[in-house]
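*Asks:* Supplied structure: data-v2.pdb, PDB, C-alpha atoms.
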ATOM      1  CA  MET A   1     198.302  19.895 120.380
ATOM      2  CA  LEU A   2     196.160  22.100 118.240
ATOM      3  CA  ILE A   3     196.606  22.830 114.567
ATOM      4  CA  ALA A   4     195.347  25.997 112.878
ATOM      5  CA  GLU A   5     194.953  25.872 109.115
ATOM      6  CA  GLY A   6     193.478  28.334 106.670
ATOM      7  CA  ASP A   7     194.129  30.539 103.675
ATOM      8  CA  VAL A   8     195.472  33.932 104.726
ATOM      9  CA  GLU A   9     194.678  35.288 101.267
ATOM     10  CA  LEU A  10     190.994  35.081 102.189
ATOM     11  CA  ALA A  11     190.126  37.990 104.481
ATOM     12  CA  GLU A  12     187.584  35.932 106.401
ATOM     13  CA  ASP A  13     190.077  33.124 107.013
ATOM     14  CA  GLU A  14     192.797  35.551 108.007
ATOM     15  CA  LEU A  15     190.608  37.219 110.636
ATOM     16  CA  ARG A  16     189.618  33.858 112.016
ATOM     17  CA  LEU A  17     193.253  32.746 112.156
ATOM     18  CA  ILE A  18     194.382  35.953 113.868
ATOM     19  CA  GLU A  19     191.661  35.575 116.489
ATOM     20  CA  GLU A  20     192.527  31.936 117.111
ATOM     21  CA  PHE A  21     196.234  32.721 117.248
ATOM     22  CA  ARG A  22     195.713  35.395 119.901
ATOM     23  CA  ARG A  23     193.344  33.206 121.871
ATOM     24  CA  GLN A  24     195.814  30.325 122.041
ATOM     25  CA  LEU A  25     198.784  32.509 122.959
ATOM     26  CA  ASP A  26     196.701  34.276 125.603
ATOM     27  CA  ALA A  27     195.889  30.841 126.996
ATOM     28  CA  GLY A  28     199.613  30.333 127.490
ATOM     29  CA  LEU A  29     200.395  28.018 124.583
ATOM     30  CA  TRP A  30     203.486  28.205 122.400
ATOM     31  CA  ALA A  31     203.122  28.351 118.628
ATOM     32  CA  ALA A  32     205.426  26.897 115.995
ATOM     33  CA  VAL A  33     205.451  26.537 112.242
ATOM     34  CA  PRO A  34     207.188  23.506 110.724
ATOM     35  CA  VAL A  35     209.483  24.792 107.971
ATOM     36  CA  MET A  36     212.200  23.471 105.698
ATOM     37  CA  ASP A  37     215.587  25.174 105.684
ATOM     38  CA  THR A  38     217.708  25.818 102.588
ATOM     39  CA  ALA A  39     219.440  22.453 103.001
ATOM     40  CA  GLY A  40     216.089  20.673 102.888
ATOM     41  CA  GLN A  41     216.082  19.889 106.605
ATOM     42  CA  ARG A  42     212.872  20.282 108.545
ATOM     43  CA  GLN A  43     212.787  22.343 111.689
ATOM     44  CA  ALA A  44     210.328  24.427 113.668
ATOM     45  CA  HIS A  45     210.063  28.169 113.631
ATOM     46  CA  MET A  46     208.692  29.512 116.917
ATOM     47  CA  VAL A  47     206.277  32.386 116.434
ATOM     48  CA  ARG A  48     205.248  34.989 118.983
ATOM     49  CA  SER A  49     203.065  37.203 116.842
ATOM     50  CA  PHE A  50     200.864  36.602 113.834
ATOM     51  CA  ASP A  51     203.237  38.634 111.676
ATOM     52  CA  ASP A  52     206.032  36.130 112.434
ATOM     53  CA  ILE A  53     204.172  33.422 110.553
ATOM     54  CA  PRO A  54     205.493  32.974 107.014
ATOM     55  CA  ARG A  55     202.732  33.770 104.519
ATOM     56  CA  ASP A  56     203.243  30.426 102.814
ATOM     57  CA  ALA A  57     203.049  28.411 106.055
ATOM     58  CA  GLU A  58     200.607  25.547 105.744
ATOM     59  CA  ARG A  59     199.755  25.349 109.416
ATOM     60  CA  VAL A  60     200.561  26.595 112.868
ATOM     61  CA  ILE A  61     200.892  24.119 115.699
ATOM     62  CA  PHE A  62     200.051  25.207 119.241
ATOM     63  CA  PHE A  63     201.461  23.223 122.103
ATOM     64  CA  PRO A  64     201.732  23.587 125.875
ATOM     65  CA  ARG A  65     204.418  25.891 127.211
ATOM     66  CA  ALA A  66     207.511  24.131 128.513
ATOM     67  CA  ALA A  67     208.108  23.953 132.235
ATOM     68  CA  GLY A  68     210.988  22.571 134.205
ATOM     69  CA  GLY A  69     210.330  18.906 134.881
ATOM     70  CA  ARG A  70     211.553  16.486 137.511
TER      71      ARG A  70
ATOM     72  CA  MET B   1     156.987  15.505 181.509
ATOM     73  CA  LEU B   2     157.355  13.567 178.247
ATOM     74  CA  LEU B   3     154.526  15.534 176.708
ATOM     75  CA  ALA B   4     156.278  18.782 177.616
ATOM     76  CA  LEU B   5     159.545  17.612 176.014
ATOM     77  CA  VAL B   6     157.794  16.545 172.802
ATOM     78  CA  ALA B   7     155.971  19.854 172.615
ATOM     79  CA  THR B   8     159.254  21.759 173.152
ATOM     80  CA  ALA B   9     160.962  19.701 170.460
ATOM     81  CA  LEU B  10     158.128  20.354 168.000
ATOM     82  CA  VAL B  11     158.322  24.084 168.645
ATOM     83  CA  ALA B  12     162.117  23.998 168.206
ATOM     84  CA  ILE B  13     161.829  22.080 164.922
ATOM     85  CA  ALA B  14     159.188  24.475 163.636
ATOM     86  CA  LEU B  15     161.375  27.454 164.460
ATOM     87  CA  LEU B  16     164.539  25.878 162.983
ATOM     88  CA  SER B  17     162.790  24.752 159.813
ATOM     89  CA  GLU B  18     162.416  28.427 158.840
ATOM     90  CA  GLU B  19     166.221  28.559 158.722
ATOM     91  CA  LEU B  20     167.077  25.047 157.608
ATOM     92  CA  LEU B  21     164.582  24.351 154.835
ATOM     93  CA  PRO B  22     165.926  26.923 152.340
ATOM     94  CA  ARG B  23     169.481  25.646 152.912
ATOM     95  CA  VAL B  24     168.449  22.028 152.402
ATOM     96  CA  GLU B  25     166.587  22.972 149.227
ATOM     97  CA  GLU B  26     169.585  24.940 147.962
ATOM     98  CA  ALA B  27     171.998  22.079 148.662
ATOM     99  CA  TRP B  28     169.661  19.636 146.918
ATOM    100  CA  SER B  29     169.337  21.834 143.819
ATOM    101  CA  ARG B  30     173.134  22.303 143.723
ATOM    102  CA  HIS B  31     173.581  18.554 143.894
ATOM    103  CA  ARG B  32     171.106  18.044 141.029
ATOM    104  CA  ALA B  33     172.786  20.757 138.942
ATOM    105  CA  ARG B  34     176.183  19.110 139.435
ATOM    106  CA  ARG B  35     174.784  15.811 138.233
ATOM    107  CA  ARG B  36     173.298  17.515 135.157
ATOM    108  CA  LEU B  37     176.550  19.361 134.304
ATOM    109  CA  ALA B  38     178.894  16.438 134.701
ATOM    110  CA  PRO B  39     177.333  13.366 133.212
ATOM    111  CA  VAL B  40     179.364  10.300 133.958
ATOM    112  CA  LEU B  41     180.835   9.149 130.664
ATOM    113  CA  PRO B  42     181.722   5.527 130.296
ATOM    114  CA  TYR B  43     185.487   4.924 130.186
ATOM    115  CA  ASP B  44     186.687   4.589 126.604
ATOM    116  CA  PRO B  45     189.777   2.366 126.559
ATOM    117  CA  GLY B  46     190.557   3.326 122.941
ATOM    118  CA  ARG B  47     190.657   7.074 123.530
ATOM    119  CA  GLU B  48     194.304   7.288 124.519
ATOM    120  CA  ARG B  49     195.344   4.854 121.795
ATOM    121  CA  ARG B  50     193.568   6.949 119.155
ATOM    122  CA  ALA B  51     195.153  10.105 120.557
ATOM    123  CA  GLU B  52     198.578   8.474 120.269
ATOM    124  CA  GLN B  53     197.852   7.429 116.670
ATOM    125  CA  ARG B  54     196.921  11.013 115.772
ATOM    126  CA  ALA B  55     200.024  12.280 117.540
ATOM    127  CA  ARG B  56     202.244   9.860 115.609
ATOM    128  CA  ALA B  57     200.751  11.023 112.306
ATOM    129  CA  LEU B  58     201.350  14.656 113.258
ATOM    130  CA  LEU B  59     204.920  13.925 114.349
ATOM    131  CA  GLN B  60     205.623  12.107 111.088
ATOM    132  CA  SER B  61     204.300  15.062 109.091
ATOM    133  CA  CYS B  62     206.568  17.535 110.897
ATOM    134  CA  VAL B  63     209.982  15.914 111.378
ATOM    135  CA  ASN B  64     212.536  14.745 108.801
ATOM    136  CA  GLU B  65     212.102  11.323 107.258
ATOM    137  CA  GLU B  66     215.242  10.090 109.027
ATOM    138  CA  GLU B  67     214.028  11.381 112.384
ATOM    139  CA  TRP B  68     210.655   9.713 111.926
ATOM    140  CA  ALA B  69     212.294   6.403 111.021
ATOM    141  CA  MET B  70     214.566   6.766 114.064
ATOM    142  CA  TYR B  71     211.599   7.282 116.385
ATOM    143  CA  ARG B  72     209.655   4.436 114.807
ATOM    144  CA  ASP B  73     212.571   1.994 115.016
ATOM    145  CA  LEU B  74     214.427   3.105 118.154
ATOM    146  CA  GLY B  75     211.878   5.016 120.241
ATOM    147  CA  PHE B  76     213.763   8.318 120.384
ATOM    148  CA  ILE B  77     214.907  11.145 118.118
ATOM    149  CA  ARG B  78     218.322  12.755 117.856
ATOM    150  CA  VAL B  79     218.308  16.532 117.457
ATOM    151  CA  TRP B  80     221.582  18.268 116.638
ATOM    152  CA  GLY B  81     222.611  21.155 118.874
ATOM    153  CA  THR B  82     223.272  24.500 117.274
ATOM    154  CA  GLN B  83     224.932  26.566 120.019
ATOM    155  CA  ALA B  84     228.537  27.398 119.178
ATOM    156  CA  ASP B  85     229.814  26.389 122.618
ATOM    157  CA  GLY B  86     227.357  23.665 123.501
ATOM    158  CA  PRO B  87     224.222  23.728 125.606
ATOM    159  CA  ALA B  88     223.980  25.992 128.630
ATOM    160  CA  GLU B  89     225.907  24.938 131.740
ATOM    161  CA  ALA B  90     227.591  22.059 129.957
ATOM    162  CA  GLY B  91     231.008  23.547 130.603
ATOM    163  CA  GLY B  92     231.578  24.352 126.948
ATOM    164  CA  THR B  93     232.157  21.856 124.205
ATOM    165  CA  GLY B  94     235.040  23.668 122.561
ATOM    166  CA  GLY B  95     233.061  23.802 119.359
ATOM    167  CA  ALA B  96     232.680  20.006 119.185
ATOM    168  CA  PRO B  97     229.403  18.891 117.636
ATOM    169  CA  TYR B  98     226.795  17.802 120.130
ATOM    170  CA  ALA B  99     223.257  16.527 120.003
ATOM    171  CA  TYR B 100     220.264  15.695 122.159
ATOM    172  CA  LEU B 101     218.396  12.449 122.549
ATOM    173  CA  VAL B 102     214.685  13.116 122.828
ATOM    174  CA  TYR B 103     212.628  10.421 124.553
ATOM    175  CA  PRO B 104     208.897  10.571 125.248
ATOM    176  CA  HIS B 105     208.234  11.758 128.811
ATOM    177  CA  ARG B 106     211.894  11.455 129.797
ATOM    178  CA  ALA B 107     214.667  13.963 130.233
ATOM    179  CA  ILE B 108     216.441  15.299 127.154
ATOM    180  CA  VAL B 109     220.039  14.063 127.165
ATOM    181  CA  ALA B 110     222.835  16.167 125.675
ATOM    182  CA  TYR B 111     225.989  14.379 124.503
ATOM    183  CA  LEU B 112     229.085  14.918 122.407
ATOM    184  CA  ALA B 113     228.531  13.412 119.005
ATOM    185  CA  GLN B 114     232.028  12.040 118.445
ATOM    186  CA  THR B 115     232.931  10.635 121.849
ATOM    187  CA  HIS B 116     229.386   9.928 123.099
ATOM    188  CA  ARG B 117     230.310  11.614 126.365
ATOM    189  CA  LEU B 118     227.081  12.511 128.162
ATOM    190  CA  LEU B 119     226.894  16.198 129.044
ATOM    191  CA  ASN B 120     223.683  16.828 130.953
ATOM    192  CA  GLU B 121     220.084  15.846 131.404
ATOM    193  CA  TYR B 122     217.454  18.518 130.824
ATOM    194  CA  CYS B 123     214.170  17.779 132.539
ATOM    195  CA  VAL B 124     211.290  19.511 130.847
ATOM    196  CA  ALA B 125     207.542  18.932 130.737
ATOM    197  CA  PHE B 126     204.708  20.212 128.589
ATOM    198  CA  PRO B 127     201.711  19.963 130.904
ATOM    199  CA  ASP B 128     198.479  20.205 128.937
ATOM    200  CA  GLU B 129     196.209  22.154 131.277
ATOM    201  CA  THR B 130     193.184  21.626 129.004
ATOM    202  CA  ARG B 131     193.388  17.915 129.906
ATOM    203  CA  PRO B 132     191.545  16.729 126.782
ATOM    204  CA  TYR B 133     192.137  13.103 127.733
ATOM    205  CA  GLY B 134     191.518  13.532 131.429
ATOM    206  CA  SER B 135     195.238  13.923 132.106
ATOM    207  CA  ALA B 136     197.726  16.760 131.795
ATOM    208  CA  ARG B 137     200.156  14.284 130.202
ATOM    209  CA  LEU B 138     200.463  14.587 126.427
ATOM    210  CA  PRO B 139     200.427  11.458 124.282
ATOM    211  CA  ASP B 140     204.000  10.144 123.859
ATOM    212  CA  SER B 141     204.451  11.330 120.280
ATOM    213  CA  ASP B 142     203.046  14.777 121.091
ATOM    214  CA  ASP B 143     205.597  15.081 123.886
ATOM    215  CA  VAL B 144     208.399  14.195 121.456
ATOM    216  CA  LEU B 145     207.032  16.653 118.883
ATOM    217  CA  ALA B 146     206.811  19.431 121.476
ATOM    218  CA  LYS B 147     210.451  18.832 122.434
ATOM    219  CA  TRP B 148     211.524  18.658 118.790
ATOM    220  CA  MET B 149     209.742  21.929 117.938
ATOM    221  CA  ALA B 150     211.071  23.721 120.993
ATOM    222  CA  LEU B 151     214.628  22.451 120.408
ATOM    223  CA  THR B 152     214.785  23.168 116.693
ATOM    224  CA  GLY B 153     212.825  26.412 117.044
ATOM    225  CA  ASP B 154     214.500  27.949 120.082
ATOM    226  CA  GLU B 155     217.076  25.649 121.662
ATOM    227  CA  ARG B 156     218.367  28.274 124.059
ATOM    228  CA  ARG B 157     214.926  29.050 125.483
ATOM    229  CA  LEU B 158     214.013  25.407 125.988
ATOM    230  CA  ILE B 159     217.304  24.559 127.660
ATOM    231  CA  SER B 160     217.073  27.591 129.937
ATOM    232  CA  THR B 161     213.528  26.578 130.913
ATOM    233  CA  ALA B 162     214.480  22.988 131.712
ATOM    234  CA  ASN B 163     215.884  21.792 135.007
ATOM    235  CA  MET B 164     219.444  20.755 134.360
ATOM    236  CA  HIS B 165     220.949  17.710 136.064
ATOM    237  CA  LEU B 166     224.085  15.681 135.691
ATOM    238  CA  PRO B 167     223.700  12.524 133.608
ATOM    239  CA  GLY B 168     222.155   9.638 135.478
ATOM    240  CA  ARG B 169     219.500  11.419 137.477
ATOM    241  CA  GLN B 170     216.536  10.168 135.465
ATOM    242  CA  LEU B 171     218.018   8.004 132.737
ATOM    243  CA  ASP B 172     220.537   5.269 133.375
ATOM    244  CA  PRO B 173     223.752   6.367 131.602
ATOM    245  CA  ALA B 174     224.370   2.750 130.568
ATOM    246  CA  ARG B 175     221.011   2.704 128.837
ATOM    247  CA  VAL B 176     221.726   6.001 127.070
ATOM    248  CA  LYS B 177     225.129   4.702 125.929
ATOM    249  CA  ARG B 178     223.431   1.580 124.636
ATOM    250  CA  ASP B 179     220.910   3.733 122.773
ATOM    251  CA  LEU B 180     223.767   5.688 121.205
ATOM    252  CA  TRP B 181     225.314   2.403 120.101
ATOM    253  CA  ARG B 182     221.941   1.274 118.690
ATOM    254  CA  LEU B 183     221.675   4.578 116.857
ATOM    255  CA  ALA B 184     225.119   4.128 115.302
ATOM    256  CA  GLN B 185     224.214   0.590 114.194
ATOM    257  CA  TRP B 186     220.912   1.780 112.820
ATOM    258  CA  GLU B 187     222.583   4.548 110.825
ATOM    259  CA  ARG B 188     225.118   2.115 109.357
ATOM    260  CA  ALA B 189     222.338  -0.236 108.311
ATOM    261  CA  ARG B 190     220.430   2.630 106.699
ATOM    262  CA  MET B 191     223.530   3.705 104.786
ATOM    263  CA  ARG B 192     224.085   0.146 103.562
ATOM    264  CA  ASP B 193     220.450  -0.128 102.482
ATOM    265  CA  GLY B 194     220.657   3.269 100.797
ATOM    266  CA  ALA B 195     223.777   2.285  98.870
ATOM    267  CA  ARG B 196     222.205  -1.006  97.815
ATOM    268  CA  SER B 197     218.998   0.604  96.555
ATOM    269  CA  ALA B 198     220.769   3.507  94.783
ATOM    270  CA  PRO B 199     220.610   3.275  90.992
ATOM    271  CA  PRO B 200     223.919   2.076  89.439
ATOM    272  CA  THR B 201     226.208   4.767  88.060
ATOM    273  CA  PRO B 202     227.629   4.562  84.517
ATOM    274  CA  LEU B 203     230.956   3.521  86.101
ATOM    275  CA  ASP B 204     229.247   0.547  87.820
ATOM    276  CA  LYS B 205     227.737  -0.539  84.516
ATOM    277  CA  ALA B 206     231.120  -0.353  82.801
ATOM    278  CA  GLY B 207     232.349  -2.783  85.436
TER     279      GLY B 207
END
Translate the structure described by the file into structure tokens.
*Replies:*
Amino acid sequence: MLIAEGDVELAEDELRLIEEFRRQLDAGLWAAVPVMDTAGQRQAHMVRSFDDIPRDAERVIFFPRAAGGR
Amino acid sequence: MLLALVATALVAIALLSEELLPRVEEAWSRHRARRRLAPVLPYDPGRERRAEQRARALLQSCVNEEEWAMYRDLGFIRVWGTQADGPAEAGGTGGAPYAYLVYPHRAIVAYLAQTHRLLNEYCVAFPDETRPYGSARLPDSDDVLAKWMALTGDERRLISTANMHLPGRQLDPARVKRDLWRLAQWERARMRDGARSAPPTPLDKAG
């Protein structure tokens, strides 16, 4: 598991986050953002591009891609 | 005769050494380079334990309070299904609510919430090819978190990726049924505790 954190309002941070995001997805990882729905329940929001990440997300979690197990 | 043989051998060695010496030197330098690049680190018995502690903290920070308490107390998490007709290849649930039991490094089990009828096992793995701990196996809590994120984030994709089996292939159905019973007991106890610790209403005070 890898966590990316930063302030997207800072141009330098945003560039760094975009680069890291691409690098991890290119390496085959999945990315998810933990969010809270309107009922106050936590769930994950899978993201496939940097634009999918909510601007107010605190962090993005990268984890290995699922594969069929035995 | 012996002198002739020795002389022939010496000539042969001299001729071969032209060919062999560079190869021997190359092999030796490769061997030394390998030793430099891969220093033998002493085994750290606490490494995996620390990784699991970090994974537990991350899991706790992501899932709902109830789900965290469930994992801490029972060793698994229940995730509600969201597909209108149940998980793929489960034969349809007729709209009945269903859920998954998520165990670390075990198949995900789908079941009907009201009857506890087991639907399917979904075998899925998250092999960590970076092998940060010398193994492609994630720490237990990371495995649960990966399943939770994939299920709550894109249930259909995870279920279609998994290998589907009938109940009982990896997990003993009796054990799963017992876990469902434990979960029901645990939820009742939590409700009782919640009611006891809730502040009294004006009606309670009036007696």
*Asks:* What is the distance, in Å and to one decimal place, between CA of Phe50 in chain A and CA of Leu17 in chain A?
*Replies:*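 Atom-to-atom, CA of Phe50 in chain A to CA of Leu17 in chain A, that is 8.7 Å.
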*Asks:* Which of these residues is nearest to chain A, using all atoms listed in the file: B:Leu180, B:Val109, B:Ile159, B:Val63?
*Replies:*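 When distances to chain A are compared using all atoms listed in the file, the smallest one comes from B:Val63.
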*Asks:* Take the PyMOL selection byres ((chain B) within 10 of (chain A)), apply it to the structure above, and return the hits as a short mmCIF file (atom, residue, chain, number, x, y, z; two decimals) with C-alpha atoms, in the coordinates of the input.
*Replies:*
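The new file expr-v4.cif reads:
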data_model
loop_
_atom_site.label_atom_id
_atom_site.label_comp_id
_atom_site.auth_asym_id
_atom_site.auth_seq_id
_atom_site.Cartn_x
_atom_site.Cartn_y
_atom_site.Cartn_z
CA ALA B 55 200.02 12.28 117.54
CA LEU B 58 201.35 14.66 113.26
CA SER B 61 204.30 15.06 109.09
CA CYS B 62 206.57 17.54 110.90
CA VAL B 63 209.98 15.91 111.38
CA ASN B 64 212.54 14.74 108.80
CA GLU B 65 212.10 11.32 107.26
CA GLU B 67 214.03 11.38 112.38
CA VAL B 79 218.31 16.53 117.46
CA HIS B 105 208.23 11.76 128.81
CA ARG B 106 211.89 11.46 129.80
CA ALA B 107 214.67 13.96 130.23
CA TYR B 122 217.45 18.52 130.82
CA CYS B 123 214.17 17.78 132.54
CA VAL B 124 211.29 19.51 130.85
CA ALA B 125 207.54 18.93 130.74
CA PHE B 126 204.71 20.21 128.59
CA PRO B 127 201.71 19.96 130.90
CA ASP B 128 198.48 20.20 128.94
CA GLU B 129 196.21 22.15 131.28
CA THR B 130 193.18 21.63 129.00
CA PRO B 132 191.54 16.73 126.78
CA ALA B 136 197.73 16.76 131.79
CA LEU B 138 200.46 14.59 126.43
CA PRO B 139 200.43 11.46 124.28
CA ASP B 142 203.05 14.78 121.09
CA ASP B 143 205.60 15.08 123.89
CA LEU B 145 207.03 16.65 118.88
CA ALA B 146 206.81 19.43 121.48
CA LYS B 147 210.45 18.83 122.43
CA TRP B 148 211.52 18.66 118.79
CA MET B 149 209.74 21.93 117.94
CA ALA B 150 211.07 23.72 120.99
CA LEU B 151 214.63 22.45 120.41
CA THR B 152 214.78 23.17 116.69
CA GLY B 153 212.82 26.41 117.04
CA ASP B 154 214.50 27.95 120.08
CA ARG B 157 214.93 29.05 125.48
CA LEU B 158 214.01 25.41 125.99
CA ILE B 159 217.30 24.56 127.66
CA SER B 160 217.07 27.59 129.94
CA THR B 161 213.53 26.58 130.91
CA ALA B 162 214.48 22.99 131.71
CA ASN B 163 215.88 21.79 135.01
CA MET B 164 219.44 20.76 134.36
CA HIS B 165 220.95 17.71 136.06
CA ARG B 169 219.50 11.42 137.48
CA GLN B 170 216.54 10.17 135.46
#
*Asks:* Quick check, in Å to one decimal: how far apart do CA of Gly168 in chain B and CA of His116 in chain B lie?
*Replies:*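 Computing the Euclidean distance for CA of Gly168 in chain B and CA of His116 in chain B yields 14.3 Å.
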*Asks:* Quick one: distance from CA of Asp85 in chain B to CA of Leu112 in chain B in Å, one decimal?
*Replies:*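 A separation of 11.5 Å between them.
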*Asks:* Using only C-alpha atoms, which residue out of B:Val176, B:Ala99, B:Val144, B:Leu21 lies closest to Ala113 in chain B?
*Replies:*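 Using only C-alpha atoms, the shortest distance to Ala113 in chain B belongs to B:Ala99.
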*Asks:* Report as a VMD selection string the residues that result from applying the PyMOL selection byres ((chain B and resi 110) around 9) to the structure here.
*Replies:* chain B and resid 81 87 90 98 to 101 108 to 109 111 to 112 117 to 122 167
*Asks:* Write out as a PyMOL selection string each polymer residue whose atoms come within 9 Å of Gln83 in chain B, counting only C-alpha atoms; drop sequence neighbours fewer than 6 positions from it.
*Replies:* chain B and resi 95+98+155-156
*Asks:* I want to know what sits within 9 Å of Glu20 in chain A, based on all atoms listed in the file, with residues of the same chain fewer than 5 positions away left out; could you give that as JSON, numbers by chain?
*Replies:* {"A": [4, 15, 25]}
*Asks:* Please tell me which residues are no farther than 9 Å from (199.0, 27.2, 100.7) in the file, counting all atoms listed in the file, and write them as a VMD selection string.
*Replies:* chain A and resid 6 to 8 55 to 59
*Asks:* Nearest residue to Trp80 in chain B out of B:Arg23, B:Arg32, B:Pro97, B:Asp140, using only C-alpha atoms?
*Replies:* B:Pro97
*Asks:* Within 12 Å of Trp181 in chain B, counting only C-alpha atoms, which residues show up once you throw out same-chain ones fewer than 6 positions away? Write them as a PyMOL selection string, please.
*Replies:* chain B and resi 74+113-116+174-175+187-188
